[in-house]
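Data file: final.cif. Format and content: mmCIF, C-alpha atoms; chains and numbers go by the auth columns.
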```cif
data_target
#
loop_
_atom_site.group_PDB
_atom_site.id
_atom_site.type_symbol
_atom_site.label_atom_id
_atom_site.label_comp_id
_atom_site.label_asym_id
_atom_site.label_seq_id
_atom_site.Cartn_x
_atom_site.Cartn_y
_atom_site.Cartn_z
_atom_site.B_iso_or_equiv
_atom_site.auth_seq_id
_atom_site.auth_asym_id
ATOM 1 C CA MET A 1 4.180 0.197 -18.707 0.00 3 M
ATOM 2 C CA HIS A 2 4.309 1.533 -15.171 0.00 4 M
ATOM 3 C CA PRO A 3 7.921 1.982 -13.964 0.00 5 M
ATOM 4 C CA LEU A 4 7.059 0.195 -10.719 0.00 6 M
ATOM 5 C CA PHE A 5 6.859 -3.074 -12.612 0.00 7 M
ATOM 6 C CA LYS A 6 10.169 -2.653 -14.406 0.00 8 M
ATOM 7 C CA ALA A 7 12.237 -2.024 -11.280 0.00 9 M
ATOM 8 C CA PRO A 8 12.670 -5.386 -9.495 0.00 10 M
ATOM 9 C CA ARG A 9 15.459 -7.481 -10.984 0.00 11 M
ATOM 10 C CA SER A 10 14.691 -10.948 -9.657 0.00 12 M
ATOM 11 C CA LEU A 11 11.725 -12.996 -10.799 0.00 13 M
ATOM 12 C CA LYS A 12 10.703 -13.495 -7.168 0.00 14 M
ATOM 13 C CA ASN A 13 10.605 -9.773 -6.429 0.00 15 M
ATOM 14 C CA ARG A 14 8.817 -8.949 -9.694 0.00 16 M
ATOM 15 C CA LEU A 15 6.191 -11.593 -9.009 0.00 17 M
ATOM 16 C CA LEU A 16 5.809 -10.449 -5.396 0.00 18 M
ATOM 17 C CA VAL A 17 5.139 -6.852 -6.475 0.00 19 M
ATOM 18 C CA ALA A 18 2.808 -7.842 -9.327 0.00 20 M
ATOM 19 C CA PHE A 19 0.994 -10.512 -7.275 0.00 21 M
ATOM 20 C CA THR A 20 0.415 -8.144 -4.363 0.00 22 M
ATOM 21 C CA TYR A 21 -0.945 -5.321 -6.473 0.00 23 M
ATOM 22 C CA SER A 22 -2.926 -7.432 -8.923 0.00 24 M
ATOM 23 C CA ALA A 23 -4.836 -9.055 -6.068 0.00 25 M
ATOM 24 C CA GLY A 24 -4.962 -5.921 -3.881 0.00 26 M
ATOM 25 C CA LEU A 25 -3.426 -7.729 -0.916 0.00 27 M
ATOM 26 C CA ARG A 26 -2.330 -6.390 2.432 0.00 28 M
ATOM 27 C CA LEU A 27 1.220 -7.039 3.627 0.00 29 M
ATOM 28 C CA ASN A 28 0.237 -9.769 6.056 0.00 30 M
ATOM 29 C CA GLU A 29 -2.058 -11.381 3.494 0.00 31 M
ATOM 30 C CA VAL A 30 0.638 -11.758 0.847 0.00 32 M
ATOM 31 C CA ARG A 31 3.026 -13.178 3.463 0.00 33 M
ATOM 32 C CA HIS A 32 0.579 -15.935 4.383 0.00 34 M
ATOM 33 C CA VAL A 33 -0.512 -17.069 0.910 0.00 35 M
ATOM 34 C CA LYS A 34 0.237 -20.770 0.612 0.00 36 M
ATOM 35 C CA ILE A 35 0.781 -22.502 -2.701 0.00 37 M
ATOM 36 C CA SER A 36 -2.329 -24.562 -1.955 0.00 38 M
ATOM 37 C CA ASP A 37 -4.378 -21.324 -1.673 0.00 39 M
ATOM 38 C CA ILE A 38 -4.008 -20.645 -5.398 0.00 40 M
ATOM 39 C CA ASP A 39 -6.673 -22.198 -7.595 0.00 41 M
ATOM 40 C CA THR A 40 -5.570 -21.765 -11.207 0.00 42 M
ATOM 41 C CA HIS A 41 -8.681 -23.490 -12.565 0.00 43 M
ATOM 42 C CA ARG A 42 -11.113 -21.143 -10.824 0.00 44 M
ATOM 43 C CA MET A 43 -8.676 -18.223 -11.192 0.00 45 M
ATOM 44 C CA GLN A 44 -8.836 -17.306 -7.515 0.00 46 M
ATOM 45 C CA ILE A 45 -6.646 -16.989 -4.454 0.00 47 M
ATOM 46 C CA ARG A 46 -7.870 -17.887 -0.989 0.00 48 M
ATOM 47 C CA ILE A 47 -6.912 -15.333 1.630 0.00 49 M
ATOM 48 C CA ARG A 48 -6.997 -16.912 5.068 0.00 50 M
ATOM 49 C CA GLN A 49 -7.678 -14.850 8.165 0.00 51 M
ATOM 50 C CA GLY A 50 -7.502 -11.459 6.437 0.00 52 M
ATOM 51 C CA LYS A 51 -8.695 -8.263 8.047 0.00 53 M
ATOM 52 C CA GLY A 52 -11.273 -9.051 10.696 0.00 54 M
ATOM 53 C CA LYS A 53 -9.970 -12.651 10.806 0.00 55 M
ATOM 54 C CA LYS A 54 -12.191 -13.520 7.854 0.00 56 M
ATOM 55 C CA ASP A 55 -11.354 -15.736 4.912 0.00 57 M
ATOM 56 C CA ARG A 56 -12.048 -14.387 1.432 0.00 58 M
ATOM 57 C CA TYR A 57 -11.243 -15.051 -2.206 0.00 59 M
ATOM 58 C CA VAL A 58 -9.620 -12.641 -4.639 0.00 60 M
ATOM 59 C CA ILE A 59 -9.138 -12.897 -8.375 0.00 61 M
ATOM 60 C CA LEU A 60 -5.986 -14.481 -9.768 0.00 62 M
ATOM 61 C CA SER A 61 -5.083 -12.453 -12.831 0.00 63 M
ATOM 62 C CA ARG A 62 -4.335 -14.283 -16.052 0.00 64 M
ATOM 63 C CA PHE A 63 -1.065 -12.343 -16.219 0.00 65 M
ATOM 64 C CA ILE A 64 0.088 -13.800 -12.877 0.00 66 M
ATOM 65 C CA LYS A 65 -1.183 -17.277 -13.711 0.00 67 M
ATOM 66 C CA GLU A 66 0.897 -17.330 -16.890 0.00 68 M
ATOM 67 C CA ARG A 67 4.076 -16.545 -14.934 0.00 69 M
ATOM 68 C CA LEU A 68 3.410 -18.505 -11.779 0.00 70 M
ATOM 69 C CA GLN A 69 4.701 -21.871 -13.011 0.00 71 M
ATOM 70 C CA LYS A 70 8.050 -20.392 -14.066 0.00 72 M
ATOM 71 C CA TYR A 71 8.422 -18.898 -10.585 0.00 73 M
ATOM 72 C CA LEU A 72 7.468 -22.183 -8.883 0.00 74 M
ATOM 73 C CA ASP A 73 9.924 -24.140 -11.052 0.00 75 M
ATOM 74 C CA GLU A 74 12.779 -21.721 -10.424 0.00 76 M
ATOM 75 C CA TYR A 75 12.355 -21.028 -6.690 0.00 77 M
ATOM 76 C CA LYS A 76 10.650 -24.269 -5.591 0.00 78 M
ATOM 77 C CA PRO A 77 8.770 -22.915 -2.557 0.00 79 M
ATOM 78 C CA GLN A 78 7.533 -25.679 -0.274 0.00 80 M
ATOM 79 C CA LEU A 79 4.631 -24.185 1.692 0.00 81 M
ATOM 80 C CA TYR A 80 4.242 -20.438 1.269 0.00 82 M
ATOM 81 C CA LEU A 81 4.215 -18.817 -2.142 0.00 83 M
ATOM 82 C CA PHE A 82 6.838 -16.301 -1.030 0.00 84 M
ATOM 83 C CA GLU A 83 9.174 -17.913 1.463 0.00 85 M
ATOM 84 C CA GLY A 84 11.983 -16.410 3.451 0.00 86 M
ATOM 85 C CA GLN A 85 15.610 -17.444 3.171 0.00 87 M
ATOM 86 C CA THR A 86 14.860 -20.790 4.801 0.00 88 M
ATOM 87 C CA THR A 87 12.692 -23.131 2.735 0.00 89 M
ATOM 88 C CA GLY A 88 9.254 -23.513 4.288 0.00 90 M
ATOM 89 C CA ASP A 89 9.510 -20.338 6.403 0.00 91 M
ATOM 90 C CA ILE A 90 7.229 -17.392 5.905 0.00 92 M
ATOM 91 C CA MET A 91 8.805 -14.282 4.359 0.00 93 M
ATOM 92 C CA GLY A 92 9.433 -11.554 6.903 0.00 94 M
ATOM 93 C CA GLU A 93 7.588 -8.253 6.927 0.00 95 M
ATOM 94 C CA ARG A 94 10.882 -6.363 6.744 0.00 96 M
ATOM 95 C CA SER A 95 11.878 -8.293 3.634 0.00 97 M
ATOM 96 C CA ILE A 96 8.673 -7.336 1.862 0.00 98 M
ATOM 97 C CA HIS A 97 9.023 -3.708 2.973 0.00 99 M
ATOM 98 C CA TRP A 98 12.594 -3.716 1.665 0.00 100 M
ATOM 99 C CA ILE A 99 11.494 -5.123 -1.711 0.00 101 M
ATOM 100 C CA ILE A 100 8.739 -2.502 -2.041 0.00 102 M
ATOM 101 C CA ASN A 101 10.983 0.379 -0.915 0.00 103 M
ATOM 102 C CA ASP A 102 13.857 -0.754 -3.141 0.00 104 M
ATOM 103 C CA THR A 103 11.452 -1.021 -6.064 0.00 105 M
ATOM 104 C CA LEU A 104 10.182 2.513 -5.442 0.00 106 M
ATOM 105 C CA LEU A 105 13.715 3.903 -5.189 0.00 107 M
ATOM 106 C CA LYS A 106 14.473 2.538 -8.660 0.00 108 M
ATOM 107 C CA THR A 107 11.542 4.446 -10.162 0.00 109 M
ATOM 108 C CA SER A 108 10.896 8.126 -10.709 0.00 110 M
ATOM 109 C CA ILE A 109 7.983 8.060 -8.261 0.00 111 M
ATOM 110 C CA LYS A 110 8.488 11.033 -5.935 0.00 112 M
ATOM 111 C CA LYS A 111 5.477 10.639 -3.672 0.00 113 M
ATOM 112 C CA LYS A 112 5.757 8.589 -0.528 0.00 114 M
ATOM 113 C CA VAL A 113 3.923 5.358 -1.337 0.00 115 M
ATOM 114 C CA SER A 114 3.150 2.757 1.292 0.00 116 M
ATOM 115 C CA MET A 115 2.059 -0.766 0.600 0.00 117 M
ATOM 116 C CA HIS A 116 -1.348 0.116 2.001 0.00 118 M
ATOM 117 C CA LEU A 117 -1.757 3.097 -0.318 0.00 119 M
ATOM 118 C CA ALA A 118 -0.581 1.136 -3.346 0.00 120 M
ATOM 119 C CA ARG A 119 -3.132 -1.554 -2.488 0.00 121 M
ATOM 120 C CA HIS A 120 -5.879 0.915 -3.296 0.00 122 M
ATOM 121 C CA MET A 121 -4.384 2.039 -6.607 0.00 123 M
ATOM 122 C CA ASN A 122 -5.760 0.740 -9.879 0.00 124 M
ATOM 123 C CA PHE A 123 -3.147 -1.930 -10.613 0.00 125 M
ATOM 124 C CA PRO A 124 -5.560 -4.802 -11.362 0.00 126 M
ATOM 125 C CA SER A 125 -6.657 -3.241 -14.632 0.00 127 M
ATOM 126 C CA GLN A 126 -3.049 -2.513 -15.586 0.00 128 M
ATOM 127 C CA LEU A 127 -1.955 -6.060 -14.884 0.00 129 M
ATOM 128 C CA LYS A 128 -4.533 -7.359 -17.311 0.00 130 M
ATOM 129 C CA THR A 129 -3.075 -5.391 -20.195 0.00 131 M
ATOM 130 C CA SER A 130 -0.600 -6.917 -22.586 0.00 132 M
ATOM 131 C CA LYS A 131 1.813 -4.012 -22.047 0.00 133 M
ATOM 132 C CA LEU A 132 2.959 -5.636 -18.803 0.00 134 M
ATOM 133 C CA GLN A 133 4.106 -8.767 -20.592 0.00 135 M
ATOM 134 C CA GLU A 134 7.385 -6.931 -21.245 0.00 136 M
ATOM 135 C CA TYR A 135 7.833 -6.748 -17.472 0.00 137 M
ATOM 136 C CA PHE A 136 8.709 -10.443 -17.242 0.00 138 M
ATOM 137 C CA SER A 137 10.744 -10.605 -20.446 0.00 139 M
#
```

The structure given in the file should be rewritten as structure tokens.
Amino acid sequence: MHPLFKAPRSLKNRLLVAFTYSAGLRLNEVRHVKISDIDTHRMQIRIRQGKGKKDRYVILSRFIKERLQKYLDEYKPQLYLFEGQTTGDIMGERSIHWIINDTLLKTSIKKKVSMHLARHMNFPSQLKTSKLQEYFS
């Protein structure tokens, strides 16, 4: 299992990292995902006003789907999937940067990795493997 997925301690931070990379989302896209944008029956996530102000759909991985309900039950977000400290408020960019940077510091990854660079890495195929099930244990 990739050390990046072992590092975050809280369920919210683990899901944020896994969700972002499994769907290949940009920082602003993950911030704006609403609970209503996730279609678990069609296994897709609606991305509103992404790059170029265009809407698009991305795949919801089975791995994320299986863990999503636990997250929703525990954190009870009202509007956005990942809310800030105040219920119903969007999570701040700095908070997401902090989570990503803190996660990287806890790994042995030496290269400077930005959220944009990680977006292009091959995490979707890794998230589909059963090895990552340990990540949420």

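We find CA of Gln51 (chain M) and CA of Met93 (chain M) to be spaced 16.9 Å apart.
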
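If all atoms listed in the file are the atoms counted, then among M:Arg28, M:Leu107, M:Ile37, M:Gly54 the closest residue to Tyr73 (chain M) is M:Ile37.
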
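Selecting by distance to (-8.0, -15.7, 5.5) with a limit of 8 Å and using only C-alpha atoms, one obtains Glu31, Arg48, Ile49, Arg50, Gln51, Gly52, Lys53, Lys55, Lys56, Asp57 and Arg58 of chain M.
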
Interatomic distance (Å, one decimal) between CA of Leu62 (chain M) and CA of Met45 (chain M): 4.8 Å

Test item: the PyMOL selection byres ((chain M and resi 98) around 12) resolved as a PyMOL selection string: chain M and resi 14-19+22+28-33+84-86+92-97+99-105+116-117

For CA of Leu13 (chain M) and CA of Gln80 (chain M), the interatomic separation in Å (one decimal): 17.0 Å

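Every protein, DNA or RNA residue with an atom at most 10 Å from Lys67 (chain M), where only C-alpha atoms count and chain neighbours fewer than 5 positions away do not, is listed here: Phe21, Ile40, Asp41, Thr42, His43, Met45, Gln46, Leu62 and Lys72 of chain M.
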
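Compared by their closest atoms to Arg69 (chain M), and using only C-alpha atoms, the residues M:Ala20, M:Arg11, M:Val35, M:Tyr82 rank with M:Ala20 nearest.
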